[in-house]
Structures are given as structure tokens and as C-alpha cells.
$ cat target-v1.cif   # mmCIF, C-alpha atoms
data_run
loop_
_atom_site.label_atom_id
_atom_site.label_comp_id
_atom_site.auth_asym_id
_atom_site.auth_seq_id
_atom_site.Cartn_x
_atom_site.Cartn_y
_atom_site.Cartn_z
CA MET A 133 9.49 -15.47 108.06
CA GLN A 134 8.78 -17.47 111.19
CA THR A 135 10.15 -17.45 114.68
CA LYS A 136 12.74 -20.07 115.51
CA PRO A 137 11.22 -21.98 118.43
CA THR A 138 13.07 -21.71 121.71
CA GLN A 139 15.04 -24.82 122.54
CA ALA A 140 16.47 -25.43 125.98
CA ARG A 141 18.62 -28.33 127.10
CA VAL A 142 19.64 -28.85 130.70
CA ARG A 143 23.26 -29.80 131.33
CA PRO A 144 24.14 -30.67 134.93
CA ILE A 145 27.58 -29.51 136.04
CA ALA A 146 29.43 -29.72 139.32
CA GLY A 147 27.83 -27.19 141.62
CA GLY A 148 24.90 -26.23 139.41
CA ALA A 149 23.19 -26.72 136.06
CA ILE A 150 23.46 -25.01 132.70
CA ILE A 151 20.48 -24.40 130.42
CA ASP A 152 21.75 -24.25 126.84
CA LEU A 153 19.37 -22.03 124.84
CA GLU A 154 18.85 -22.03 121.09
CA GLY A 155 16.56 -20.22 118.67
CA ASP A 156 14.48 -17.18 119.52
CA ILE A 157 14.06 -16.07 123.12
CA ASN A 158 10.57 -14.58 123.13
CA SER A 159 7.16 -14.95 124.75
CA GLN A 160 6.35 -18.01 122.64
CA GLY A 161 9.27 -19.77 124.31
CA GLU A 162 8.00 -19.11 127.85
CA LYS A 163 6.74 -22.66 128.45
CA THR A 164 10.00 -24.18 127.17
CA LEU A 165 12.10 -21.85 129.31
CA ARG A 166 10.05 -22.46 132.44
CA GLN A 167 10.12 -26.23 131.97
CA ALA A 168 13.89 -26.12 131.47
CA TYR A 169 14.29 -24.03 134.61
CA GLN A 170 12.21 -26.52 136.62
CA LYS A 171 14.22 -29.41 135.17
CA ALA A 172 17.47 -27.63 136.04
CA CYS A 173 16.21 -27.05 139.58
CA GLN A 174 15.40 -30.75 139.89
CA ALA A 175 18.86 -31.62 138.52
CA VAL A 176 20.53 -29.63 141.28
CA ALA A 177 17.99 -30.50 143.97
CA GLU A 178 19.90 -31.31 147.06
CA ALA A 179 19.62 -30.40 150.67
CA ASP A 180 21.90 -27.45 149.93
CA THR A 181 20.96 -24.05 151.20
CA PRO A 182 21.02 -21.88 149.22
CA PRO A 183 20.30 -24.07 146.19
CA PRO A 184 23.09 -24.34 143.59
CA PRO A 185 23.08 -21.75 140.79
CA ILE A 186 21.39 -22.06 137.41
CA LEU A 187 23.37 -20.79 134.42
CA LEU A 188 21.66 -19.68 131.20
CA ASN A 189 23.78 -20.07 128.06
CA PHE A 190 22.81 -17.68 125.23
CA ALA A 191 25.67 -18.59 122.88
CA GLN A 192 23.27 -20.23 120.39
CA ALA A 193 20.34 -17.87 120.94
CA ASP A 194 19.66 -16.04 117.68
CA TYR A 195 17.26 -13.33 118.69
CA ILE A 196 16.11 -12.01 122.07
CA ASN A 197 13.23 -9.54 122.30
CA THR A 198 11.65 -7.78 125.26
CA SER A 199 8.95 -10.42 125.62
CA GLY A 200 11.77 -12.95 126.07
CA ILE A 201 13.52 -10.62 128.51
CA ALA A 202 10.26 -10.46 130.48
CA VAL A 203 10.32 -14.27 130.74
CA LEU A 204 13.94 -14.13 131.91
CA ILE A 205 13.00 -11.54 134.53
CA SER A 206 10.22 -13.81 135.83
CA ILE A 207 12.67 -16.73 136.09
CA VAL A 208 15.18 -14.56 137.96
CA MET A 209 12.33 -13.45 140.26
CA GLU A 210 11.44 -17.07 140.97
CA ALA A 211 15.08 -17.95 141.65
CA GLN A 212 15.46 -14.99 143.99
CA LYS A 213 12.51 -16.19 146.04
CA ALA A 214 14.34 -19.51 146.47
CA ASP A 215 17.59 -17.67 147.27
CA GLN A 216 19.05 -19.20 144.11
CA LYS A 217 21.64 -17.46 141.94
CA VAL A 218 21.07 -17.10 138.19
CA ILE A 219 24.06 -16.52 135.92
CA LEU A 220 23.79 -15.40 132.30
CA PHE A 221 26.55 -15.98 129.76
CA GLY A 222 27.35 -16.37 126.08
CA MET A 223 25.29 -13.50 124.73
CA SER A 224 26.77 -11.18 122.09
CA SER A 225 28.08 -7.76 123.07
CA HIS A 226 24.86 -6.29 121.67
CA TYR A 227 22.65 -8.37 123.94
CA GLN A 228 24.98 -7.69 126.87
CA LYS A 229 24.23 -4.02 126.20
CA ILE A 230 20.48 -4.71 126.04
CA PHE A 231 20.56 -6.65 129.33
CA LYS A 232 22.51 -3.80 130.96
CA LEU A 233 20.00 -1.24 129.66
CA VAL A 234 17.16 -3.07 131.40
CA ARG A 235 19.38 -3.50 134.49
CA LEU A 236 19.15 -7.28 134.53
CA PRO A 237 22.75 -7.61 135.83
CA LEU A 238 21.58 -6.10 139.14
CA TYR A 239 19.82 -9.40 139.76
CA ALA A 240 21.74 -11.95 137.68
CA ASP A 241 25.51 -12.07 137.18
CA MET A 242 26.55 -11.82 133.55
CA TYR A 243 29.69 -13.16 131.85
CA PRO A 244 30.78 -13.19 128.21
CA THR A 245 31.77 -16.87 128.13
CA GLU A 246 31.02 -20.17 129.82
CA LYS A 247 34.64 -20.38 130.97
CA GLU A 248 34.34 -17.07 132.80
CA ALA A 249 30.94 -17.99 134.23
CA LEU A 250 32.26 -21.31 135.55
CA ALA A 251 35.36 -19.61 136.96
CA ALA A 252 33.06 -17.32 138.94
CA LEU A 253 31.45 -20.38 140.58
CA THR A 254 34.68 -21.53 142.15
CA MET B 635 20.01 -1.56 95.23
CA VAL B 636 19.21 1.72 96.94
CA ASN B 637 21.19 4.79 95.96
CA VAL B 638 22.09 6.04 99.41
CA ASN B 639 23.22 9.39 98.03
CA GLU B 640 19.70 10.34 97.10
CA GLN B 641 16.42 10.63 98.94
CA SER B 642 14.52 7.39 98.53
CA GLN B 643 11.84 5.40 100.29
CA ILE B 644 11.37 1.69 100.76
CA HIS B 645 7.99 0.33 101.80
CA LEU B 646 7.28 -2.97 103.52
CA GLU B 647 3.95 -4.30 104.73
CA ILE B 648 3.85 -7.12 107.25
CA PRO B 649 0.97 -9.05 108.81
CA SER B 650 0.31 -8.67 112.53
CA GLN B 651 1.93 -11.94 113.44
CA PHE B 652 4.85 -12.52 115.77
CA GLY B 653 7.96 -13.39 113.80
CA CYS B 654 7.06 -11.10 110.91
CA GLU B 655 9.00 -8.30 112.58
CA LYS B 656 12.09 -10.13 111.37
CA MET B 657 11.36 -9.04 107.79
CA ALA B 658 11.51 -5.39 108.85
CA MET B 659 14.66 -6.06 110.88
CA LYS B 660 16.44 -7.66 107.93
CA LEU B 661 15.45 -4.84 105.60
CA ALA B 662 16.54 -2.12 108.04
CA VAL B 663 19.86 -3.86 108.66
CA ALA B 664 20.54 -4.24 104.94
CA ILE B 665 19.80 -0.58 104.20
CA ALA B 666 21.69 0.78 107.23
CA ALA B 667 24.74 -1.35 106.41
CA GLN B 668 24.66 -0.20 102.80
CA MET B 669 24.50 3.40 103.97
CA GLY B 670 27.70 2.86 105.94
CA PHE B 671 26.41 2.90 109.50
CA PRO B 672 28.82 1.30 112.01
CA THR B 673 28.04 -2.27 113.09
CA GLU B 674 27.03 -1.30 116.64
CA GLN B 675 24.55 1.26 115.34
CA VAL B 676 23.14 -1.28 112.86
CA GLU B 677 22.66 -3.85 115.64
CA ASP B 678 20.95 -1.25 117.83
CA LEU B 679 18.66 -0.31 114.97
CA GLU B 680 17.83 -3.98 114.37
CA THR B 681 16.55 -4.36 117.93
CA ALA B 682 14.75 -0.99 117.83
CA VAL B 683 12.91 -1.96 114.62
CA ALA B 684 11.97 -5.33 116.13
CA GLU B 685 10.51 -3.68 119.23
CA ALA B 686 8.64 -1.01 117.26
CA CYS B 687 7.08 -3.68 115.02
CA LEU B 688 6.21 -5.88 118.02
CA ASN B 689 4.48 -2.92 119.66
CA ALA B 690 2.55 -2.29 116.44
CA ILE B 691 1.56 -5.96 116.17
CA GLU B 692 0.65 -6.48 119.81
CA HIS B 693 -0.70 -3.12 120.96
CA GLY B 694 -1.51 -1.10 117.83
CA ASN B 695 -3.09 -3.96 115.91
CA GLN B 696 -4.10 -6.15 118.87
CA LYS B 697 -2.54 -9.17 117.10
CA ASN B 698 -5.36 -9.08 114.56
CA PRO B 699 -3.99 -11.07 111.62
CA GLN B 700 -6.08 -9.00 109.20
CA ALA B 701 -4.46 -5.76 110.38
CA ARG B 702 -1.24 -4.75 108.69
CA VAL B 703 1.90 -2.99 109.85
CA GLN B 704 3.43 -0.59 107.35
CA VAL B 705 7.15 0.02 107.61
CA VAL B 706 8.66 2.84 105.57
CA LEU B 707 12.38 3.51 105.43
CA HIS B 708 13.32 7.04 104.34
CA VAL B 709 16.90 7.13 103.12
CA ALA B 710 18.76 10.44 103.16
CA PRO B 711 22.48 11.11 102.74
CA ASP B 712 22.99 11.79 106.45
CA ARG B 713 20.24 9.78 108.13
CA LEU B 714 17.87 6.86 108.01
CA THR B 715 14.31 7.40 109.20
CA ILE B 716 12.04 4.45 109.84
CA ASP B 717 8.30 4.84 110.25
CA VAL B 718 6.22 2.02 111.71
CA HIS B 719 2.52 2.50 111.16
CA ASP B 720 -0.22 0.41 112.75
CA GLU B 721 -4.01 0.58 112.46
CA GLY B 722 -4.64 1.96 115.95
CA LEU B 723 -6.95 -0.83 117.12
CA GLY B 724 -5.71 -0.67 120.73
CA ALA B 725 -5.44 1.98 123.40
CA PRO B 726 -3.68 5.23 122.48
CA PRO B 727 0.10 5.00 122.83
CA PRO B 728 1.70 6.38 126.00
CA GLU B 729 2.67 10.04 125.93
CA GLN B 730 5.84 9.39 127.88
CA VAL B 731 8.27 6.51 127.98
CA PRO B 732 8.47 5.27 131.57
CA GLU B 733 11.83 4.23 132.98
CA PRO B 734 11.51 0.59 134.00
CA ASP B 735 11.95 0.04 137.70
CA MET B 736 13.63 -3.33 137.95
CA ALA B 737 13.33 -3.43 141.74
CA ARG B 738 9.55 -3.06 141.42
CA LYS B 739 9.46 -5.68 138.66
CA MET B 740 11.47 -8.11 140.80
CA ALA B 741 9.11 -7.47 143.70
CA GLY B 742 6.12 -8.23 141.46
CA LEU B 743 4.83 -4.66 141.80
CA GLU B 744 5.32 -3.78 138.12
CA GLU B 745 4.70 -6.02 135.14
CA THR B 746 7.83 -7.60 133.71
CA ARG B 747 7.00 -6.44 130.18
CA ARG B 748 6.72 -2.91 128.70
CA LEU B 749 10.41 -2.45 128.05
CA GLY B 750 10.24 -1.89 124.29
CA LEU B 751 9.81 1.88 124.06
CA TYR B 752 12.42 2.42 126.77
CA LEU B 753 14.93 0.29 124.87
CA ILE B 754 14.20 2.01 121.56
CA LYS B 755 14.77 5.41 123.17
CA HIS B 756 18.28 4.31 124.15
CA LEU B 757 19.13 2.57 120.87
CA VAL B 758 18.33 5.21 118.24
CA ASP B 759 19.05 8.94 117.98
CA GLU B 760 15.42 10.06 117.87
CA SER B 761 12.18 8.19 118.49
CA GLY B 762 8.57 8.77 119.32
CA PHE B 763 4.98 8.73 118.12
CA VAL B 764 4.13 11.42 115.59
CA PRO B 765 0.72 12.37 114.12
CA PRO B 766 0.04 10.22 111.03
CA GLU B 767 -0.05 12.36 107.87
CA THR B 768 -2.41 10.45 105.66
CA GLN B 769 -3.87 7.49 107.52
CA ASP B 770 -5.52 6.66 110.81
CA GLY B 771 -3.68 4.66 113.40
CA ASN B 772 -0.38 5.21 115.16
CA LEU B 773 2.85 6.29 113.54
CA PHE B 774 6.07 5.58 115.40
CA ARG B 775 9.20 7.22 113.98
CA MET B 776 12.84 6.35 114.59
CA VAL B 777 15.84 8.23 113.20
CA ILE B 778 19.53 7.36 113.19
CA HIS B 779 22.17 9.80 111.99
CA LEU B 780 25.32 8.80 110.19
CA PRO B 781 28.38 9.72 112.25
CA ARG B 782 30.30 12.65 110.80
CA GLN B 783 33.55 11.69 109.07
CA SER B 784 35.63 13.30 111.81
CA GLU B 785 33.88 11.33 114.60
#

$ encode --input "target-v1.cif" --output "C-alpha cells"
Amino acid sequence: MQTKPTQARVRPIAGGAIIDLEGDINSQGEKTLRQAYQKACQAVAEADTPPPPILLNFAQADYINTSGIAVLISIVMEAQKADQKVILFGMSSHYQKIFKLVRLPLYADMYPTEKEALAALT
Amino acid sequence: MVNVNEQSQIHLEIPSQFGCEKMAMKLAVAIAAQMGFPTEQVEDLETAVAEACLNAIEHGNQKNPQARVQVVLHVAPDRLTIDVHDEGLGAPPPEQVPEPDMARKMAGLEETRRLGLYLIKHLVDESGFVPPETQDGNLFRMVIHLPRQSE
């Protein structure tokens, strides 16, 4: 049984960018996640201060382990340094619980659905 | 098919390779569901088994593909016990499970990893390293109890 490689597609939206994630979110996906984050940052690169938010969509993510959470933490750290907001949405209630246990929502807003995440932007 | 009304054991051996923890997850989920555990408890167990196996692969067996991880599920009428046994090729396991300090992690003062044991502690009823009975290495045990009928 193999891991399902992390896939990440950047989708620019008004006032930010969404990274649609698929497959397993683990340490093997670090490069993919980081590249997607950089691409999303470029997609929203404007003279805005603070920079527009980046939204991570977990609706199609099959499996998230703590090595993947560590990668997410490092991305949130990087965003914080740039005074950029990171929003997480689309994860199952189980992974919402996991994210809350590691206290990720203290540093990244979390919403069940894309609709709710987008509503929070306005 | 496992008779969940009797004591029984299921053994699984996986190579020390990332991704192989999924075999143990699938097995644990299938057995727990058959025993009648609620969905939330089954999902929690799935993540706990994944993290225990990842610890065994990464720390216990140092990702040595020749080293094996033994997973044993002990089925009892009121509980499911899962033992994850590695070959003890790494440093001894921690005696205590540290609470992650997210503020320190965000400040770069604490590594972003090492969340597995903490998560497991909050996802199953009992967990911890126990002395191996017959083999060398590390033995990590997790137990979940079936809710009583009145609960």
C-alpha cells in the first residue's frame, strides 16, 4: 500500500488564492506544498499590505498525518512572518478535531466549507 | 471474520516504509467497526494507529527497510488493544509525552514535528510504551474500550 502523492493546485480568487489539496498530506508532500504556497503568494502578489490571504482546501485530502501537519505549521509560520493570513477549510470533522488538538486554529482560521471560508473574507 | 465475542488476536507485519502504516490503519478500522465501536472512536483509532506505526518506522526502526513493525490486535468483548512493536534501532522512547507548545513552534524555538504521541494520548483511552514480553525493541500499546450500553 503506497502513499497517494500530495497534489496542490493554485486557484486565484478575488482577494486571495486557494490551494486545492489532494492525496496524502505528509512529509513526502512538503516540496509540493511549499511550491504551491510560493505560487499562491505570487498569484496574489500586489503592493497590498498585509498581503492577501492564502486558503488551503482539504476537501479532497485523503489522509493527513503529523508530518504533514508539521509542514502546514511551517507554512503558517512563514505566512505569519509576512503578516499574511492562512485559512484552512474543507477538512472532515475528524481532521478539524486533530487540528484543534494541536492548536493550529490559534494561528490559522478554520472553516468547514469553502463557502464559509470565503464569507469570512468579506 | 473475527468473532468479537471471544478473545482473539490478529497479527500484521509491515516493512519500515512510509505508507505501509495504512495497512495497519485499515485493519484496525475494520476490526473496530466490526466490534461495534462508534464512528468517531474508529476514526480516532485510525489516526492513533497511523501515528504509532509512523513512530515505529521512523524512530524505532530508523526507516531501515529491513526492519519490521509488528502490529498485534487483541480483541476482547469490551475492548480492543493494539500493540505496535519495533526493533528498537533508535534512541529509547521518551518517558513522558510532552505537551506541544504551538507558540514556541511558531517562533521557531521548538521543532514543528513530534506531535504523534501527544495526539495518540488524546485519541485513545490508554496508551504508552510497555516492556516487551518476548522480544527486544519497543512495544507501544493502545487500548480503546467499548462504550457501555447505557452510555

$ resolve_selection --input "target-v1.cif" --expression "the PyMOL selection byres ((chain A) within 9 of (chain B))" --output "list of chain:residue names"
A:Met133, A:Gln134, A:Thr135, A:Lys136, A:Gln160, A:Ile196, A:Asn197, A:Thr198, A:Ser199, A:Ile201, A:Ala202, A:Val203, A:Ile205, A:Ser206, A:Val208, A:Met209, A:Glu210, A:Gln212, A:His226, A:Ile230, A:Leu233, A:Val234, A:Arg235, A:Leu236, A:Leu238, A:Tyr239

$ atom_distance --input "target-v1.cif" --atom1 "atom CA of Gly148 of chain A" --atom2 "atom CA of Ile186 of chain A"
5.8 Å

$ residues_around --input "target-v1.cif" --residues "Ile644 of chain B" --least-positions-apart "6" --cutoff "10 Å" --atoms "only C-alpha atoms" --output "list in words"
Val636, Leu661, Ala662, Ile665, Val705, Val706, Leu707, His708, Val709 and Ile716 of chain B

$ resolve_selection --input "target-v1.cif" --expression "the PyMOL selection byres ((chain A and resi 224) around 10)" --output "NGL selection string"
:A and (190-194 or 221-223 or 225-230 or 244-245)

$ atom_distance --input "target-v1.cif" --atom1 "atom CA of Asn189 of chain A" --atom2 "atom CA of Lys213 of chain A"
21.6 Å

$ closest_residue --input "target-v1.cif" --among "A:Leu187, A:Ala177, A:Val142, A:Ile151" --to "Ala252 of chain A" --atoms "all atoms listed in the file"
A:Leu187

$ closest_residue --input "target-v1.cif" --among "B:Leu780, B:Val683, B:Ala667, B:Ile754" --to "Asp717 of chain B" --atoms "all atoms listed in the file"
B:Val683

$ closest_residue --input "target-v1.cif" --among "A:Tyr243, A:Arg166, A:Gly200, A:Ala175" --to "Pro144 of chain A" --atoms "only C-alpha atoms"
A:Ala175

$ atom_distance --input "target-v1.cif" --atom1 "atom CA of Gly694 of chain B" --atom2 "atom CA of Leu646 of chain B"
16.9 Å

$ residues_near_point --input "target-v1.cif" --point "(26.6, -16.3, 133.3)" --cutoff "7 Å" --atoms "all atoms listed in the file" --output "MDAnalysis selection string"
chainID A and resid 187:188 219:221 241:243 246 249

$ axis_aligned_box --input "target-v1.cif" --around "segment 730-740 of chain B" --padding-each-side "8 Å" --output "AutoDock Vina command-line options"
--center_x 9.7 --center_y 0.6 --center_z 134.8 --size_x 23.8 --size_y 33.5 --size_z 29.9

$ build_atoms --input "target-v1.cif" --residues "segment 677-688 of chain B" --atoms "all heavy atoms" --output "PDB file, keeping the file's coordinate frame"
ATOM      1  N   GLU B 677      23.238  -2.871 114.704  1.00  0.00           N
ATOM      2  CA  GLU B 677      22.660  -3.850 115.640  1.00  0.00           C
ATOM      3  C   GLU B 677      21.622  -3.187 116.547  1.00  0.00           C
ATOM      4  O   GLU B 677      20.570  -3.765 116.840  1.00  0.00           O
ATOM      5  CB  GLU B 677      23.769  -4.462 116.500  1.00  0.00           C
ATOM      6  CG  GLU B 677      24.660  -5.417 115.736  1.00  0.00           C
ATOM      7  CD  GLU B 677      25.819  -5.943 116.563  1.00  0.00           C
ATOM      8  OE1 GLU B 677      26.184  -5.328 117.588  1.00  0.00           O
ATOM      9  OE2 GLU B 677      26.385  -6.975 116.168  1.00  0.00           O
ATOM     10  N   ASP B 678      21.925  -1.969 116.982  1.00  0.00           N
ATOM     11  CA  ASP B 678      20.950  -1.250 117.830  1.00  0.00           C
ATOM     12  C   ASP B 678      19.666  -0.981 117.057  1.00  0.00           C
ATOM     13  O   ASP B 678      18.561  -1.135 117.582  1.00  0.00           O
ATOM     14  CB  ASP B 678      21.553   0.086 118.313  1.00  0.00           C
ATOM     15  CG  ASP B 678      22.640  -0.109 119.360  1.00  0.00           C
ATOM     16  OD1 ASP B 678      22.824  -1.247 119.820  1.00  0.00           O
ATOM     17  OD2 ASP B 678      23.314   0.885 119.701  1.00  0.00           O
ATOM     18  N   LEU B 679      19.833  -0.586 115.799  1.00  0.00           N
ATOM     19  CA  LEU B 679      18.660  -0.310 114.970  1.00  0.00           C
ATOM     20  C   LEU B 679      17.839  -1.587 114.773  1.00  0.00           C
ATOM     21  O   LEU B 679      16.598  -1.560 114.812  1.00  0.00           O
ATOM     22  CB  LEU B 679      19.092   0.249 113.601  1.00  0.00           C
ATOM     23  CG  LEU B 679      17.933   0.546 112.653  1.00  0.00           C
ATOM     24  CD1 LEU B 679      17.140   1.754 113.142  1.00  0.00           C
ATOM     25  CD2 LEU B 679      18.428   0.785 111.225  1.00  0.00           C
ATOM     26  N   GLU B 680      18.518  -2.704 114.579  1.00  0.00           N
ATOM     27  CA  GLU B 680      17.830  -3.980 114.370  1.00  0.00           C
ATOM     28  C   GLU B 680      16.886  -4.280 115.544  1.00  0.00           C
ATOM     29  O   GLU B 680      15.713  -4.628 115.350  1.00  0.00           O
ATOM     30  CB  GLU B 680      18.871  -5.100 114.221  1.00  0.00           C
ATOM     31  CG  GLU B 680      18.279  -6.451 113.870  1.00  0.00           C
ATOM     32  CD  GLU B 680      19.352  -7.506 113.677  1.00  0.00           C
ATOM     33  OE1 GLU B 680      20.445  -7.383 114.272  1.00  0.00           O
ATOM     34  OE2 GLU B 680      19.087  -8.465 112.923  1.00  0.00           O
ATOM     35  N   THR B 681      17.394  -4.113 116.751  1.00  0.00           N
ATOM     36  CA  THR B 681      16.550  -4.360 117.930  1.00  0.00           C
ATOM     37  C   THR B 681      15.443  -3.311 118.037  1.00  0.00           C
ATOM     38  O   THR B 681      14.295  -3.639 118.368  1.00  0.00           O
ATOM     39  CB  THR B 681      17.423  -4.367 119.211  1.00  0.00           C
ATOM     40  OG1 THR B 681      18.283  -5.513 119.160  1.00  0.00           O
ATOM     41  CG2 THR B 681      16.580  -4.436 120.479  1.00  0.00           C
ATOM     42  N   ALA B 682      15.766  -2.054 117.740  1.00  0.00           N
ATOM     43  CA  ALA B 682      14.750  -0.990 117.830  1.00  0.00           C
ATOM     44  C   ALA B 682      13.605  -1.257 116.844  1.00  0.00           C
ATOM     45  O   ALA B 682      12.424  -1.113 117.193  1.00  0.00           O
ATOM     46  CB  ALA B 682      15.388   0.371 117.549  1.00  0.00           C
ATOM     47  N   VAL B 683      13.948  -1.665 115.631  1.00  0.00           N
ATOM     48  CA  VAL B 683      12.910  -1.960 114.620  1.00  0.00           C
ATOM     49  C   VAL B 683      12.065  -3.152 115.073  1.00  0.00           C
ATOM     50  O   VAL B 683      10.836  -3.146 114.942  1.00  0.00           O
ATOM     51  CB  VAL B 683      13.559  -2.214 113.237  1.00  0.00           C
ATOM     52  CG1 VAL B 683      12.560  -2.797 112.250  1.00  0.00           C
ATOM     53  CG2 VAL B 683      14.149  -0.919 112.686  1.00  0.00           C
ATOM     54  N   ALA B 684      12.718  -4.162 115.633  1.00  0.00           N
ATOM     55  CA  ALA B 684      11.970  -5.330 116.130  1.00  0.00           C
ATOM     56  C   ALA B 684      10.958  -4.890 117.178  1.00  0.00           C
ATOM     57  O   ALA B 684       9.779  -5.269 117.114  1.00  0.00           O
ATOM     58  CB  ALA B 684      12.944  -6.341 116.747  1.00  0.00           C
ATOM     59  N   GLU B 685      11.402  -4.084 118.129  1.00  0.00           N
ATOM     60  CA  GLU B 685      10.510  -3.680 119.230  1.00  0.00           C
ATOM     61  C   GLU B 685       9.381  -2.777 118.735  1.00  0.00           C
ATOM     62  O   GLU B 685       8.243  -2.894 119.205  1.00  0.00           O
ATOM     63  CB  GLU B 685      11.323  -2.994 120.333  1.00  0.00           C
ATOM     64  CG  GLU B 685      12.317  -3.915 121.025  1.00  0.00           C
ATOM     65  CD  GLU B 685      11.670  -5.129 121.680  1.00  0.00           C
ATOM     66  OE1 GLU B 685      10.532  -5.002 122.170  1.00  0.00           O
ATOM     67  OE2 GLU B 685      12.302  -6.206 121.696  1.00  0.00           O
ATOM     68  N   ALA B 686       9.686  -1.887 117.797  1.00  0.00           N
ATOM     69  CA  ALA B 686       8.640  -1.010 117.260  1.00  0.00           C
ATOM     70  C   ALA B 686       7.581  -1.840 116.520  1.00  0.00           C
ATOM     71  O   ALA B 686       6.374  -1.593 116.654  1.00  0.00           O
ATOM     72  CB  ALA B 686       9.261   0.036 116.325  1.00  0.00           C
ATOM     73  N   CYS B 687       8.030  -2.825 115.748  1.00  0.00           N
ATOM     74  CA  CYS B 687       7.080  -3.680 115.020  1.00  0.00           C
ATOM     75  C   CYS B 687       6.281  -4.551 115.994  1.00  0.00           C
ATOM     76  O   CYS B 687       5.070  -4.745 115.809  1.00  0.00           O
ATOM     77  CB  CYS B 687       7.818  -4.560 114.003  1.00  0.00           C
ATOM     78  SG  CYS B 687       8.477  -3.627 112.601  1.00  0.00           S
ATOM     79  N   LEU B 688       6.939  -5.064 117.029  1.00  0.00           N
ATOM     80  CA  LEU B 688       6.210  -5.880 118.020  1.00  0.00           C
ATOM     81  C   LEU B 688       5.146  -5.056 118.728  1.00  0.00           C
ATOM     82  O   LEU B 688       4.038  -5.538 118.977  1.00  0.00           O
ATOM     83  CB  LEU B 688       7.196  -6.472 119.042  1.00  0.00           C
ATOM     84  CG  LEU B 688       8.098  -7.593 118.513  1.00  0.00           C
ATOM     85  CD1 LEU B 688       9.213  -7.911 119.502  1.00  0.00           C
ATOM     86  CD2 LEU B 688       7.292  -8.853 118.218  1.00  0.00           C
TER      87      LEU B 688
END
